[in-house]
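Have a look at upload.cif; it's mmCIF, C-alpha atoms and all ligand atoms:
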```
data_start
loop_
_atom_site.group_PDB
_atom_site.id
_atom_site.type_symbol
_atom_site.label_atom_id
_atom_site.label_comp_id
_atom_site.auth_asym_id
_atom_site.auth_seq_id
_atom_site.Cartn_x
_atom_site.Cartn_y
_atom_site.Cartn_z
ATOM 1 C CA MET A 379 -49.449 -39.700 -7.575
ATOM 2 C CA SER A 380 -46.988 -42.083 -6.075
ATOM 3 C CA LEU A 381 -47.143 -43.314 -2.509
ATOM 4 C CA ASP A 382 -44.682 -40.737 -1.273
ATOM 5 C CA PRO A 383 -46.516 -37.457 -1.891
ATOM 6 C CA CYS A 384 -43.261 -35.490 -2.107
ATOM 7 C CA LEU A 385 -42.014 -37.738 -4.913
ATOM 8 C CA GLY A 386 -45.375 -37.330 -6.580
ATOM 9 C CA VAL A 387 -45.014 -33.566 -6.518
ATOM 10 C CA GLU A 388 -41.454 -33.793 -7.812
ATOM 11 C CA SER A 389 -42.533 -35.863 -10.786
ATOM 12 C CA GLN A 390 -45.460 -33.591 -11.631
ATOM 13 C CA LEU A 391 -43.852 -30.255 -10.965
ATOM 14 C CA GLN A 392 -42.903 -29.496 -14.579
ATOM 15 C CA PRO A 393 -46.304 -30.412 -16.038
ATOM 16 C CA TYR A 394 -47.837 -28.418 -13.215
ATOM 17 C CA LEU A 395 -45.779 -25.353 -14.153
ATOM 18 C CA ASP A 396 -46.732 -25.960 -17.782
ATOM 19 C CA ARG A 397 -50.417 -26.065 -16.810
ATOM 20 C CA GLN A 398 -50.784 -29.500 -18.279
ATOM 21 C CA LEU A 399 -52.503 -31.197 -15.345
ATOM 22 C CA THR A 400 -56.175 -31.903 -14.784
ATOM 23 C CA PRO A 401 -58.009 -29.839 -12.169
ATOM 24 C CA GLY A 402 -57.969 -32.870 -9.875
ATOM 25 C CA GLU A 403 -54.195 -33.239 -10.127
ATOM 26 C CA VAL A 404 -53.728 -29.529 -9.667
ATOM 27 C CA SER A 405 -55.710 -29.461 -6.459
ATOM 28 C CA MET A 406 -53.780 -32.442 -5.082
ATOM 29 C CA ILE A 407 -50.498 -30.681 -5.768
ATOM 30 C CA GLU A 408 -51.669 -27.395 -4.357
ATOM 31 C CA GLN A 409 -53.004 -29.044 -1.252
ATOM 32 C CA HIS A 410 -49.659 -30.694 -0.701
ATOM 33 C CA LEU A 411 -47.708 -27.505 -1.382
ATOM 34 C CA GLY A 412 -49.854 -25.822 1.237
ATOM 35 C CA THR A 413 -48.689 -28.218 3.923
ATOM 36 C CA CYS A 414 -45.154 -29.263 2.941
ATOM 37 C CA ALA A 415 -42.326 -26.757 3.263
ATOM 38 C CA TYR A 416 -39.846 -29.119 1.568
ATOM 39 C CA CYS A 417 -41.835 -29.198 -1.648
ATOM 40 C CA ARG A 418 -42.881 -25.575 -1.436
ATOM 41 C CA GLU A 419 -39.303 -24.328 -1.333
ATOM 42 C CA ARG A 420 -38.403 -26.423 -4.331
ATOM 43 C CA TYR A 421 -41.498 -25.391 -6.202
ATOM 44 C CA HIS A 422 -40.633 -21.718 -5.693
ATOM 45 C CA PHE A 423 -37.120 -22.351 -6.884
ATOM 46 C CA GLU A 424 -38.252 -24.163 -10.047
ATOM 47 C CA ALA A 425 -40.856 -21.522 -10.827
ATOM 48 C CA LYS A 426 -38.314 -18.778 -10.371
ATOM 49 C CA LEU A 427 -35.756 -20.568 -12.516
ATOM 50 C CA ARG A 428 -38.282 -20.782 -15.350
ATOM 51 C CA ASP A 429 -39.125 -17.180 -14.956
ATOM 52 C CA THR A 430 -35.520 -16.080 -14.845
ATOM 53 C CA VAL A 431 -34.561 -17.961 -17.993
ATOM 54 C CA LYS A 432 -37.484 -16.458 -19.860
ATOM 55 C CA THR A 433 -37.031 -12.923 -18.580
ATOM 56 C CA VAL A 434 -33.294 -12.856 -19.130
ATOM 57 C CA CYS A 435 -33.546 -14.249 -22.647
ATOM 58 C CA CYS A 436 -36.498 -12.083 -23.667
ATOM 59 C CA GLY A 437 -34.401 -9.104 -22.660
ATOM 60 C CA ASP A 438 -31.731 -10.028 -25.190
ATOM 61 C CA PRO A 439 -31.043 -6.870 -27.096
ATOM 62 C CA VAL A 440 -31.962 -7.133 -30.751
ATOM 63 C CA PRO A 441 -29.316 -5.492 -32.942
ATOM 64 C CA GLU A 442 -30.314 -2.033 -34.050
ATOM 65 C CA GLY A 443 -31.658 -1.849 -37.574
ATOM 66 C CA LEU A 444 -32.235 -5.596 -37.845
ATOM 67 C CA VAL A 445 -35.658 -5.258 -39.438
ATOM 68 C CA GLU A 446 -34.387 -2.744 -41.984
ATOM 69 C CA ARG A 447 -31.471 -4.954 -42.917
ATOM 70 C CA VAL A 448 -33.778 -7.935 -43.319
ATOM 71 C CA ARG A 449 -36.093 -5.886 -45.519
ATOM 72 C CA LEU A 450 -33.231 -4.715 -47.721
ATOM 73 C CA HIS A 451 -31.761 -8.189 -47.877
ATOM 74 C CA CYS A 452 -35.052 -9.628 -49.114
ATOM 75 C CA ARG A 453 -35.487 -6.875 -51.702
ATOM 76 C CA GLY A 454 -31.854 -7.071 -52.760
ATOM 77 C CA GLN A 455 -32.128 -10.776 -53.453
ATOM 78 C CA GLY A 456 -34.960 -10.062 -55.830
ATOM 79 C CA ALA A 457 -37.219 -11.959 -53.526
ATOM 80 C CA ALA A 458 -39.422 -9.009 -52.886
ATOM 81 C CA MET B 1347 -61.663 -14.666 -42.506
ATOM 82 C CA LEU B 1348 -60.646 -18.218 -41.821
ATOM 83 C CA LEU B 1349 -63.819 -19.556 -43.345
ATOM 84 C CA VAL B 1350 -63.219 -17.628 -46.507
ATOM 85 C CA ALA B 1351 -59.619 -18.813 -46.737
ATOM 86 C CA ASP B 1352 -60.659 -22.402 -46.146
ATOM 87 C CA SER B 1353 -63.430 -22.390 -48.686
ATOM 88 C CA VAL B 1354 -61.114 -20.874 -51.255
ATOM 89 C CA GLY B 1355 -58.663 -23.628 -50.462
ATOM 90 C CA LEU B 1356 -61.295 -26.238 -51.284
ATOM 91 C CA VAL B 1357 -61.743 -24.982 -54.806
ATOM 92 C CA ALA B 1358 -59.383 -27.014 -56.946
ATOM 93 C CA ASP B 1359 -59.157 -24.648 -59.899
ATOM 94 C CA PRO B 1360 -59.669 -20.948 -60.202
ATOM 95 C CA PRO B 1361 -62.886 -19.951 -61.986
ATOM 96 C CA SER B 1362 -62.300 -20.483 -65.684
ATOM 97 C CA ASP B 1363 -64.236 -17.469 -66.887
ATOM 98 C CA GLN B 1364 -61.254 -15.365 -65.860
ATOM 99 C CA ALA B 1365 -58.558 -14.668 -68.401
ATOM 100 C CA GLU B 1366 -55.039 -15.925 -67.795
ATOM 101 C CA PRO B 1367 -53.350 -13.626 -65.330
ATOM 102 C CA THR B 1368 -51.552 -10.956 -67.276
ATOM 103 C CA ALA B 1369 -48.022 -9.961 -66.473
ATOM 104 C CA ALA B 1370 -49.347 -6.751 -64.989
ATOM 105 C CA ALA B 1371 -51.759 -8.612 -62.741
ATOM 106 C CA GLU B 1372 -48.946 -10.899 -61.683
ATOM 107 C CA ARG B 1373 -46.767 -7.937 -60.810
ATOM 108 C CA ALA B 1374 -49.595 -6.385 -58.855
ATOM 109 C CA ALA B 1375 -50.047 -9.614 -56.937
ATOM 110 C CA GLU B 1376 -46.349 -9.669 -56.146
ATOM 111 C CA ALA B 1377 -46.451 -6.110 -54.894
ATOM 112 C CA ARG B 1378 -49.420 -6.980 -52.690
ATOM 113 C CA ASP B 1379 -47.548 -9.995 -51.386
ATOM 114 C CA ARG B 1380 -44.596 -7.876 -50.506
ATOM 115 C CA VAL B 1381 -46.691 -5.377 -48.614
ATOM 116 C CA HIS B 1382 -48.409 -8.138 -46.646
ATOM 117 C CA PHE B 1383 -45.154 -9.876 -46.028
ATOM 118 C CA GLU B 1384 -43.437 -6.788 -44.760
ATOM 119 C CA GLU B 1385 -46.390 -5.765 -42.627
ATOM 120 C CA GLU B 1386 -47.006 -9.108 -41.027
ATOM 121 C CA ALA B 1387 -43.903 -11.237 -41.097
ATOM 122 C CA LEU B 1388 -41.351 -8.606 -40.157
ATOM 123 C CA GLU B 1389 -43.221 -7.968 -36.931
ATOM 124 C CA HIS B 1390 -41.839 -11.247 -35.660
ATOM 125 C CA ALA B 1391 -38.211 -10.394 -36.355
ATOM 126 C CA ASP B 1392 -37.313 -9.718 -32.717
ATOM 127 C CA GLN B 1393 -38.819 -12.958 -31.486
ATOM 128 C CA LEU B 1394 -37.103 -14.921 -34.249
ATOM 129 C CA TYR B 1395 -33.804 -13.238 -33.529
ATOM 130 C CA ARG B 1396 -33.975 -14.223 -29.859
ATOM 131 C CA ILE B 1397 -34.737 -17.811 -30.768
ATOM 132 C CA ALA B 1398 -31.915 -17.793 -33.310
ATOM 133 C CA LEU B 1399 -29.557 -16.342 -30.733
ATOM 134 C CA ARG B 1400 -30.363 -19.109 -28.250
ATOM 135 C CA LEU B 1401 -30.111 -21.820 -30.868
ATOM 136 C CA SER B 1402 -26.810 -20.657 -32.294
ATOM 137 C CA GLY B 1403 -25.201 -18.935 -29.347
ATOM 138 C CA SER B 1404 -23.737 -16.196 -31.515
ATOM 139 C CA GLN B 1405 -25.110 -12.751 -32.360
ATOM 140 C CA GLN B 1406 -23.617 -12.739 -35.802
ATOM 141 C CA THR B 1407 -24.907 -16.191 -36.671
ATOM 142 C CA ALA B 1408 -28.302 -15.284 -35.247
ATOM 143 C CA GLU B 1409 -28.638 -12.316 -37.565
ATOM 144 C CA GLU B 1410 -27.557 -14.379 -40.558
ATOM 145 C CA LEU B 1411 -30.085 -17.050 -39.640
ATOM 146 C CA VAL B 1412 -32.837 -14.444 -39.422
ATOM 147 C CA GLN B 1413 -31.854 -12.944 -42.808
ATOM 148 C CA GLU B 1414 -31.933 -16.314 -44.501
ATOM 149 C CA THR B 1415 -35.185 -17.207 -42.762
ATOM 150 C CA TYR B 1416 -36.926 -14.130 -44.121
ATOM 151 C CA LEU B 1417 -35.567 -14.687 -47.561
ATOM 152 C CA ARG B 1418 -36.983 -18.205 -47.624
ATOM 153 C CA ALA B 1419 -40.163 -17.011 -45.954
ATOM 154 C CA PHE B 1420 -40.758 -14.463 -48.647
ATOM 155 C CA ARG B 1421 -40.126 -16.966 -51.398
ATOM 156 C CA GLY B 1422 -42.589 -19.324 -49.771
ATOM 157 C CA TRP B 1423 -45.003 -16.619 -48.671
ATOM 158 C CA ARG B 1424 -47.864 -17.938 -50.776
ATOM 159 C CA GLY B 1425 -47.573 -21.220 -48.910
ATOM 160 C CA TYR B 1426 -48.490 -19.480 -45.700
ATOM 161 C CA ARG B 1427 -52.178 -19.877 -44.891
ATOM 162 C CA PRO B 1428 -53.562 -16.538 -43.686
ATOM 163 C CA GLY B 1429 -54.909 -16.730 -40.185
ATOM 164 C CA SER B 1430 -52.701 -19.646 -39.159
ATOM 165 C CA ASN B 1431 -49.894 -19.192 -36.648
ATOM 166 C CA LEU B 1432 -47.405 -16.964 -38.450
ATOM 167 C CA ALA B 1433 -44.804 -17.024 -35.654
ATOM 168 C CA ALA B 1434 -44.802 -20.822 -35.730
ATOM 169 C CA TRP B 1435 -44.591 -20.854 -39.526
ATOM 170 C CA LEU B 1436 -41.557 -18.560 -39.432
ATOM 171 C CA ALA B 1437 -39.969 -20.527 -36.592
ATOM 172 C CA THR B 1438 -40.277 -23.689 -38.682
ATOM 173 C CA ILE B 1439 -38.296 -22.034 -41.456
ATOM 174 C CA LEU B 1440 -35.763 -20.689 -38.981
ATOM 175 C CA ARG B 1441 -35.248 -24.109 -37.560
ATOM 176 C CA ASN B 1442 -34.666 -25.578 -41.034
ATOM 177 C CA VAL B 1443 -32.155 -22.853 -41.807
ATOM 178 C CA PHE B 1444 -30.420 -23.585 -38.525
ATOM 179 C CA LEU B 1445 -30.251 -27.305 -39.311
ATOM 180 C CA ASP B 1446 -28.895 -26.633 -42.791
ATOM 181 C CA GLU B 1447 -26.190 -24.387 -41.397
ATOM 182 C CA ALA B 1448 -25.295 -26.899 -38.706
ATOM 183 C CA ARG B 1449 -25.029 -29.581 -41.367
ATOM 184 C CA LYS B 1450 -22.814 -27.423 -43.555
ATOM 185 C CA GLN B 1451 -20.424 -26.968 -40.678
ATOM 186 C CA SER B 1452 -20.813 -30.718 -40.145
ATOM 187 C CA ARG B 1453 -21.188 -30.184 -36.480
ATOM 188 C CA ARG B 1454 -22.856 -33.493 -35.841
ATOM 189 C CA PRO B 1455 -25.460 -33.003 -33.175
ATOM 190 C CA ALA B 1456 -24.113 -34.621 -30.051
ATOM 191 C CA GLN B 1457 -26.357 -37.408 -28.975
ATOM 192 C CA GLU B 1458 -28.109 -37.652 -25.674
ATOM 193 C CA SER B 1459 -25.152 -38.870 -23.689
ATOM 194 C CA PHE B 1460 -25.845 -36.957 -20.521
ATOM 195 C CA GLU B 1461 -27.285 -38.845 -17.641
ATOM 196 C CA ASP B 1462 -30.702 -38.222 -16.294
ATOM 197 C CA THR B 1463 -30.654 -36.381 -13.014
ATOM 198 C CA SER B 1464 -33.062 -35.391 -10.315
ATOM 199 C CA GLU B 1465 -35.593 -32.663 -10.943
ATOM 200 C CA TYR B 1466 -33.962 -30.788 -8.095
ATOM 201 C CA TYR B 1467 -30.412 -31.197 -9.317
ATOM 202 C CA LEU B 1468 -29.631 -27.493 -9.468
ATOM 203 C CA TYR B 1469 -31.405 -26.729 -6.223
ATOM 204 C CA ASN B 1470 -29.553 -29.510 -4.431
ATOM 205 C CA HIS B 1471 -26.284 -28.471 -5.974
ATOM 206 C CA LEU B 1472 -26.712 -24.903 -4.776
ATOM 207 C CA SER B 1473 -27.755 -26.099 -1.339
ATOM 208 C CA GLU B 1474 -24.575 -28.102 -0.988
ATOM 209 C CA ALA B 1475 -22.448 -25.242 -2.263
ATOM 210 C CA GLY B 1476 -24.209 -23.173 0.099
ATOM 211 C CA ALA B 1477 -23.623 -19.980 1.838
ATOM 212 C CA GLU B 1478 -26.335 -18.006 0.083
ATOM 213 C CA PRO B 1479 -29.989 -18.766 -0.553
ATOM 214 C CA GLN B 1480 -30.550 -20.727 -3.777
ATOM 215 C CA GLU B 1481 -32.753 -18.042 -5.234
ATOM 216 C CA ALA B 1482 -30.070 -15.399 -4.838
ATOM 217 C CA VAL B 1483 -28.048 -17.335 -7.392
ATOM 218 C CA LEU B 1484 -30.930 -17.046 -9.839
ATOM 219 C CA ASN B 1485 -31.000 -13.289 -9.408
ATOM 220 C CA ARG B 1486 -27.437 -13.155 -10.655
ATOM 221 C CA LEU B 1487 -28.038 -15.369 -13.644
ATOM 222 C CA SER B 1488 -26.992 -13.468 -16.773
ATOM 223 C CA GLY B 1489 -27.961 -13.905 -20.381
ATOM 224 C CA GLY B 1490 -24.407 -15.017 -21.072
ATOM 225 C CA ALA B 1491 -24.516 -17.788 -18.487
ATOM 226 C CA ILE B 1492 -27.825 -19.061 -19.828
ATOM 227 C CA ALA B 1493 -26.568 -18.907 -23.393
ATOM 228 C CA GLU B 1494 -23.439 -20.882 -22.544
ATOM 229 C CA SER B 1495 -25.433 -23.419 -20.592
ATOM 230 C CA LEU B 1496 -27.893 -23.843 -23.444
ATOM 231 C CA GLY B 1497 -24.897 -24.339 -25.709
ATOM 232 C CA ASP B 1498 -23.876 -27.304 -23.571
ATOM 233 C CA ILE B 1499 -27.132 -29.114 -24.255
ATOM 234 C CA PRO B 1500 -27.362 -31.383 -27.302
ATOM 235 C CA PRO B 1501 -29.214 -29.478 -30.068
ATOM 236 C CA MET B 1502 -32.175 -31.852 -30.212
ATOM 237 C CA PHE B 1503 -32.981 -30.986 -26.617
ATOM 238 C CA ARG B 1504 -31.890 -27.392 -26.827
ATOM 239 C CA GLU B 1505 -34.298 -26.542 -29.623
ATOM 240 C CA VAL B 1506 -37.306 -27.768 -27.659
ATOM 241 C CA VAL B 1507 -36.312 -25.822 -24.554
ATOM 242 C CA VAL B 1508 -35.687 -22.705 -26.640
ATOM 243 C CA LEU B 1509 -39.026 -22.923 -28.421
ATOM 244 C CA VAL B 1510 -41.159 -23.632 -25.359
ATOM 245 C CA ASP B 1511 -39.371 -21.905 -22.487
ATOM 246 C CA ILE B 1512 -37.995 -18.910 -24.350
ATOM 247 C CA GLY B 1513 -40.037 -18.647 -27.540
ATOM 248 C CA ASP B 1514 -43.253 -19.234 -25.612
ATOM 249 C CA PHE B 1515 -44.606 -21.730 -28.120
ATOM 250 C CA SER B 1516 -47.092 -24.357 -26.945
ATOM 251 C CA TYR B 1517 -46.216 -28.061 -26.995
ATOM 252 C CA GLN B 1518 -48.374 -28.400 -30.095
ATOM 253 C CA ASP B 1519 -46.653 -25.513 -31.893
ATOM 254 C CA ALA B 1520 -43.272 -26.974 -31.019
ATOM 255 C CA ALA B 1521 -44.400 -30.359 -32.335
ATOM 256 C CA ASP B 1522 -45.500 -28.750 -35.621
ATOM 257 C CA ILE B 1523 -42.327 -26.699 -35.940
ATOM 258 C CA LEU B 1524 -40.049 -29.654 -35.306
ATOM 259 C CA GLY B 1525 -42.191 -32.198 -37.128
ATOM 260 C CA ILE B 1526 -42.281 -34.583 -34.188
ATOM 261 C CA PRO B 1527 -45.132 -35.986 -32.092
ATOM 262 C CA ILE B 1528 -46.221 -34.021 -29.070
ATOM 263 C CA GLY B 1529 -45.160 -36.851 -26.756
ATOM 264 C CA THR B 1530 -41.623 -36.507 -28.099
ATOM 265 C CA VAL B 1531 -41.739 -32.764 -27.443
ATOM 266 C CA MET B 1532 -42.651 -33.491 -23.848
ATOM 267 C CA SER B 1533 -39.945 -36.056 -23.266
ATOM 268 C CA ARG B 1534 -37.257 -33.921 -24.925
ATOM 269 C CA LEU B 1535 -38.407 -30.925 -22.964
ATOM 270 C CA HIS B 1536 -38.165 -32.923 -19.779
ATOM 271 C CA ARG B 1537 -34.633 -34.050 -20.523
ATOM 272 C CA GLY B 1538 -33.580 -30.717 -21.965
ATOM 273 C CA ARG B 1539 -34.645 -28.805 -18.888
ATOM 274 C CA ARG B 1540 -32.774 -31.209 -16.662
ATOM 275 C CA ALA B 1541 -29.719 -30.928 -18.844
ATOM 276 C CA LEU B 1542 -29.954 -27.150 -18.621
ATOM 277 C CA LYS B 1543 -30.022 -27.369 -14.828
ATOM 278 C CA GLN B 1544 -26.970 -29.592 -14.905
ATOM 279 C CA ALA B 1545 -25.152 -27.133 -17.134
ATOM 280 C CA LEU B 1546 -26.144 -24.198 -14.950
ATOM 281 C CA ALA B 1547 -24.970 -26.102 -11.898
ATOM 282 C CA SER B 1548 -21.528 -26.793 -13.319
ATOM 283 C CA ARG B 1549 -21.229 -23.155 -14.319
ATOM 284 C CA ALA B 1550 -22.199 -22.127 -10.824
ATOM 285 C CA SER B 1551 -19.373 -24.207 -9.395
ATOM 286 C CA GLU B 1552 -16.914 -22.711 -11.869
ATOM 287 C CA ASP B 1553 -17.976 -19.255 -10.770
ATOM 288 C CA ALA B 1554 -17.516 -20.217 -7.148
ATOM 289 C CA SER B 1555 -14.025 -21.619 -7.617
HETATM 290 ZN ZN ZN C 1601 -43.675 -32.594 0.049
#
```

Mind turning the file's structure into structure tokens?
Amino acid sequence: MSLDPCLGVESQLQPYLDRQLTPGEVSMIEQHLGTCAYCRERYHFEAKLRDTVKTVCCGDPVPEGLVERVRLHCRGQGAA
Amino acid sequence: MLLVADSVGLVADPPSDQAEPTAAAERAAEARDRVHFEEEALEHADQLYRIALRLSGSQQTAEELVQETYLRAFRGWRGYRPGSNLAAWLATILRNVFLDEARKQSRRPAQESFEDTSEYYLYNHLSEAGAEPQEAVLNRLSGGAIAESLGDIPPMFREVVVLVDIGDFSYQDAADILGIPIGTVMSRLHRGRRALKQALASRASEDAS
């Protein structure tokens, strides 16, 4: 972590959300988040942004009959 | 299962006491392949479609990409190693189809000309714009706004964000799918996510004006 703990959290926030940090790094971040409202607010925002992008996109409607059309397409091309 | 597949893979030649495969045996093998293919591969159609939609930005193109992906997947089905990550294998094909199509339309992928911004770019932007809490803006975020914002990101960054943040692939899967080192996945992901925040921020100001 850098000297300014808030900058340290900023730089490690994405790997933290990706669960890429060591247990030691995780506990440093979590300790800081427990005491610093500035970082906590931003952490919540970033986590929610991630979540929103995933949820919204995973809710994309898949066109009806897609699988059937794919199946027919494959068979029709003599591939299957 | 894996052990069996691996040990079979180590045998260079099939046992020679077997006769040459007859046409009937070959047809039977093809029929078996088709059944396996349809049972296993087609299960991933929804996931592939959503990735295709986010890569291409168009529903029609997404369906065409998925069709072509499955066609190639079936033709290459015997190259798929049972027990390995089927979703990643299919996504690799999808990505190649996408690249081929992009090349045909000679849309040269825009290079990374956007500037690097703060991790908190979007948050700060919304704070300055400010009447409502930043998170309220997220609640209003629609699929369309995300799609358009993804479309603003250069493809080489977009594809990493789509695979990891939407397709739920690990860094390692993304590295395998894209054929790049894992370190490159991480740096593109880093820049791609920041670019997405920038794009979302400029859309947010358009909405406000
Ligand atoms: Zn802090």

Which protein, DNA or RNA residues have an atom within 8 Å of ligand ZN 1601 (chain C), counting all atoms listed in the file, as a compact mmCIF listing (two decimals) with C-alpha atoms, keeping the file's coordinate frame?
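Full text of result22.txt as output:
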```txt
# COMPACT_ATOMS: atom_id res chain seq x y z
CA PRO A 383 -46.52 -37.46 -1.89
CA CYS A 384 -43.26 -35.49 -2.11
CA LEU A 385 -42.01 -37.74 -4.91
CA VAL A 387 -45.01 -33.57 -6.52
CA HIS A 410 -49.66 -30.69 -0.70
CA LEU A 411 -47.71 -27.50 -1.38
CA THR A 413 -48.69 -28.22 3.92
CA CYS A 414 -45.15 -29.26 2.94
CA ALA A 415 -42.33 -26.76 3.26
CA TYR A 416 -39.85 -29.12 1.57
CA CYS A 417 -41.84 -29.20 -1.65
CA ARG A 418 -42.88 -25.58 -1.44
```

Considering all atoms listed in the file, give me a table of residues in chain B that are at most 9 Å from chain A, with the closest atom pair and distance in Å for each, as JSON lines.
```
{"residue": "B:Glu1376", "atom": "CA", "partner": "A:Ala458", "partner_atom": "CA", "distance": 7.7}
{"residue": "B:Ala1377", "atom": "CA", "partner": "A:Ala458", "partner_atom": "CA", "distance": 7.9}
{"residue": "B:Asp1379", "atom": "CA", "partner": "A:Ala458", "partner_atom": "CA", "distance": 8.3}
{"residue": "B:Arg1380", "atom": "CA", "partner": "A:Ala458", "partner_atom": "CA", "distance": 5.8}
{"residue": "B:Phe1383", "atom": "CA", "partner": "A:Ala458", "partner_atom": "CA", "distance": 9.0}
{"residue": "B:Glu1384", "atom": "CA", "partner": "A:Arg449", "partner_atom": "CA", "distance": 7.4}
{"residue": "B:Leu1388", "atom": "CA", "partner": "A:Val445", "partner_atom": "CA", "distance": 6.6}
{"residue": "B:Glu1389", "atom": "CA", "partner": "A:Val445", "partner_atom": "CA", "distance": 8.4}
{"residue": "B:Ala1391", "atom": "CA", "partner": "A:Val445", "partner_atom": "CA", "distance": 6.5}
{"residue": "B:Asp1392", "atom": "CA", "partner": "A:Val440", "partner_atom": "CA", "distance": 6.3}
{"residue": "B:Gln1393", "atom": "CA", "partner": "A:Cys436", "partner_atom": "CA", "distance": 8.2}
{"residue": "B:Tyr1395", "atom": "CA", "partner": "A:Val440", "partner_atom": "CA", "distance": 7.0}
{"residue": "B:Arg1396", "atom": "CA", "partner": "A:Asp438", "partner_atom": "CA", "distance": 6.7}
{"residue": "B:Ile1397", "atom": "CA", "partner": "A:Cys435", "partner_atom": "CA", "distance": 8.9}
{"residue": "B:Leu1399", "atom": "CA", "partner": "A:Asp438", "partner_atom": "CA", "distance": 8.7}
{"residue": "B:Arg1400", "atom": "CA", "partner": "A:Cys435", "partner_atom": "CA", "distance": 8.1}
{"residue": "B:Gln1405", "atom": "CA", "partner": "A:Pro441", "partner_atom": "CA", "distance": 8.4}
{"residue": "B:Glu1409", "atom": "CA", "partner": "A:Leu444", "partner_atom": "CA", "distance": 7.6}
{"residue": "B:Val1412", "atom": "CA", "partner": "A:Val448", "partner_atom": "CA", "distance": 7.6}
{"residue": "B:Gln1413", "atom": "CA", "partner": "A:Val448", "partner_atom": "CA", "distance": 5.4}
{"residue": "B:Glu1414", "atom": "CA", "partner": "A:Val448", "partner_atom": "CA", "distance": 8.7}
{"residue": "B:Tyr1416", "atom": "CA", "partner": "A:Cys452", "partner_atom": "CA", "distance": 7.0}
{"residue": "B:Leu1417", "atom": "CA", "partner": "A:Cys452", "partner_atom": "CA", "distance": 5.3}
{"residue": "B:Arg1418", "atom": "CA", "partner": "A:Ala457", "partner_atom": "CA", "distance": 8.6}
{"residue": "B:Phe1420", "atom": "CA", "partner": "A:Ala457", "partner_atom": "CA", "distance": 6.5}
{"residue": "B:Arg1421", "atom": "CA", "partner": "A:Ala457", "partner_atom": "CA", "distance": 6.2}
{"residue": "B:Ser1464", "atom": "CA", "partner": "A:Glu388", "partner_atom": "CA", "distance": 8.9}
{"residue": "B:Glu1465", "atom": "CA", "partner": "A:Glu388", "partner_atom": "CA", "distance": 6.7}
{"residue": "B:Tyr1466", "atom": "CA", "partner": "A:Arg420", "partner_atom": "CA", "distance": 7.3}
{"residue": "B:Tyr1469", "atom": "CA", "partner": "A:Phe423", "partner_atom": "CA", "distance": 7.2}
{"residue": "B:Gln1480", "atom": "CA", "partner": "A:Phe423", "partner_atom": "CA", "distance": 7.4}
{"residue": "B:Glu1481", "atom": "CA", "partner": "A:Phe423", "partner_atom": "CA", "distance": 6.4}
{"residue": "B:Leu1484", "atom": "CA", "partner": "A:Leu427", "partner_atom": "CA", "distance": 6.5}
{"residue": "B:Asn1485", "atom": "CA", "partner": "A:Thr430", "partner_atom": "CA", "distance": 7.6}
{"residue": "B:Leu1487", "atom": "CA", "partner": "A:Thr430", "partner_atom": "CA", "distance": 7.6}
{"residue": "B:Ser1488", "atom": "CA", "partner": "A:Val434", "partner_atom": "CA", "distance": 6.8}
{"residue": "B:Gly1489", "atom": "CA", "partner": "A:Val434", "partner_atom": "CA", "distance": 5.6}
{"residue": "B:Ile1492", "atom": "CA", "partner": "A:Val431", "partner_atom": "CA", "distance": 7.1}
{"residue": "B:Ala1493", "atom": "CA", "partner": "A:Cys435", "partner_atom": "CA", "distance": 8.4}
{"residue": "B:Asp1511", "atom": "CA", "partner": "A:Lys432", "partner_atom": "CA", "distance": 6.3}
{"residue": "B:Ile1512", "atom": "CA", "partner": "A:Lys432", "partner_atom": "CA", "distance": 5.1}
{"residue": "B:Gly1513", "atom": "CA", "partner": "A:Lys432", "partner_atom": "CA", "distance": 8.4}
{"residue": "B:Asp1514", "atom": "CA", "partner": "A:Lys432", "partner_atom": "CA", "distance": 8.6}
{"residue": "B:His1536", "atom": "CA", "partner": "A:Gln392", "partner_atom": "CA", "distance": 7.8}
```

Note to self: Considering all atoms listed in the file, can you say which of B:Thr1463, B:Gln1518, B:Asn1442, B:Ser1551 comes closest to Gly1538 in chain B?
What the structure shows: B:Thr1463

Work out where the centre of an axis-aligned box around every listed atom of range 408-419 of chain A lies and how long its edges are once 3 Å is added on each side; give both in Å to one decimal as JSON.
```
{"center_x": -46.2, "center_y": -27.5, "center_z": -0.2, "size_x": 19.7, "size_y": 12.4, "size_z": 14.3}
```

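We find CA of Ala1520 in chain B and CA of Thr400 in chain A to be spaced 21.3 Å apart.
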
Check: Just how far from CA of Thr1438 in chain B is CA of Tyr1426 in chain B, in Å to one decimal?
Finding: 11.6 Å

Note to self: What's the separation between CA of Leu1445 in chain B and CA of Pro1500 in chain B, in Å to one decimal place?
What the structure shows: 13.0 Å

Checklist line | Of the listed residues B:Leu1468, B:Leu1411, B:Ala1521, B:Val1508, that which approaches Ala1550 in chain B most closely, counting only C-alpha atoms | finding: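 Answer, going by the shortest atom-to-atom distance: B:Leu1468.
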